[in-house]
Amino acid sequence: MPSIRKHGAYITDAVLDKMTRSREFADNLLHRLQSKRHKTAAMREYIDELSPKARYCDTILRCQNAIQVSIIAKDYGMSAVAFNRLLHNLKIQYRVGDTWVLYQRFADKGYTKSRTYYTASGDGIVHTYWTQRGRFFLYETLKALGILPLIESCQG
């Protein structure tokens, strides 16, 4: 540490001997150090750019509320009917009566919540809502298939 404070660098005796004996070695070492510095600066810029997005994503994924499929569908420029059909064709969900439920391989991931509503006649109606975790799962799944939300597919 004293050497770094005094000279701005720490170089072992062996490396210093090589540097004084070989101009090529010294140039190569300096080039590698400079390259590392540029990569570190570029990485710092990239981290600075992604940090707000990561914080936003973490915040959204921690949300406890769930949303209707129609809201997610609109992100993709689809109706809820078309979006549900797409998810069915992708073997993500299937219909039980009037309710969409997830196939078992997705059922325990926390992607959906169900809510029961009672009609004036006393019948119960079950609706499936997507959690933010589920919304992110849909985003990643659809993105892998080249299906992007409108906000991303319109950017160029």
# chains A, B, ... in the order shown; residues from 1 in each chain; ligands from 1
call {"tool": "residues_around", "arguments": {"residues": "range 77-85 of chain A", "least_positions_apart": "3", "cutoff": "9 Å", "atoms": "only C-alpha atoms", "output": "MDAnalysis selection string"}}
result
chainID A and resid 68:74 88:90 93:94 100 149:150
call {"tool": "select_by_dssp", "arguments": {"residues": "chain A", "states": "strand (DSSP E or B)", "output": "list of chain:residue names"}}
result
A:Ile67, A:Gln93, A:Tyr94, A:Arg95, A:Val96, A:Thr99, A:Trp100, A:Val101, A:Leu102, A:Thr112, A:Lys113, A:Ser114, A:Arg115, A:Thr116, A:Tyr117, A:Tyr118, A:Gly124, A:Ile125, A:Val126, A:His127, A:Thr128, A:Tyr129, A:Trp130
call {"tool": "select_by_dssp", "arguments": {"residues": "chain A", "states": "helix (DSSP H, G or I)", "output": "number ranges by chain"}}
result
A: 2-7, 13-21, 23-62, 69-75, 80-89, 104-107, 132-144, 150-153
call {"tool": "atom_distance", "arguments": {"atom1": "CA of Gly146 in chain A", "atom2": "CA of Asp48 in chain A"}}
result
27.3 Å
call {"tool": "residues_around", "arguments": {"residues": "Tyr139 in chain A", "least_positions_apart": "3", "cutoff": "8 Å", "atoms": "only C-alpha atoms", "output": "list in words"}}
result
Arg135, Phe136, Leu142, Lys143, Leu148 and Pro149 of chain A
call {"tool": "atom_distance", "arguments": {"atom1": "CA of Ser51 in chain A", "atom2": "CA of Lys39 in chain A"}}
result
17.9 Å
call {"tool": "residues_around", "arguments": {"residues": "range 107-121 of chain A", "least_positions_apart": "6", "cutoff": "10 Å", "atoms": "only C-alpha atoms", "output": "list in words"}}
result
Asn65, Ala66, Ile67, Gln68, Ile92, Gln93, Thr99, Trp100, Val101, His127, Thr128, Tyr129, Trp130, Thr131, Gln132, Arg133, Gly134, Arg135, Phe136, Phe137 and Leu138 of chain A
call {"tool": "atom_distance", "arguments": {"atom1": "CA of Tyr103 in chain A", "atom2": "CA of Ala54 in chain A"}}
result
29.2 Å
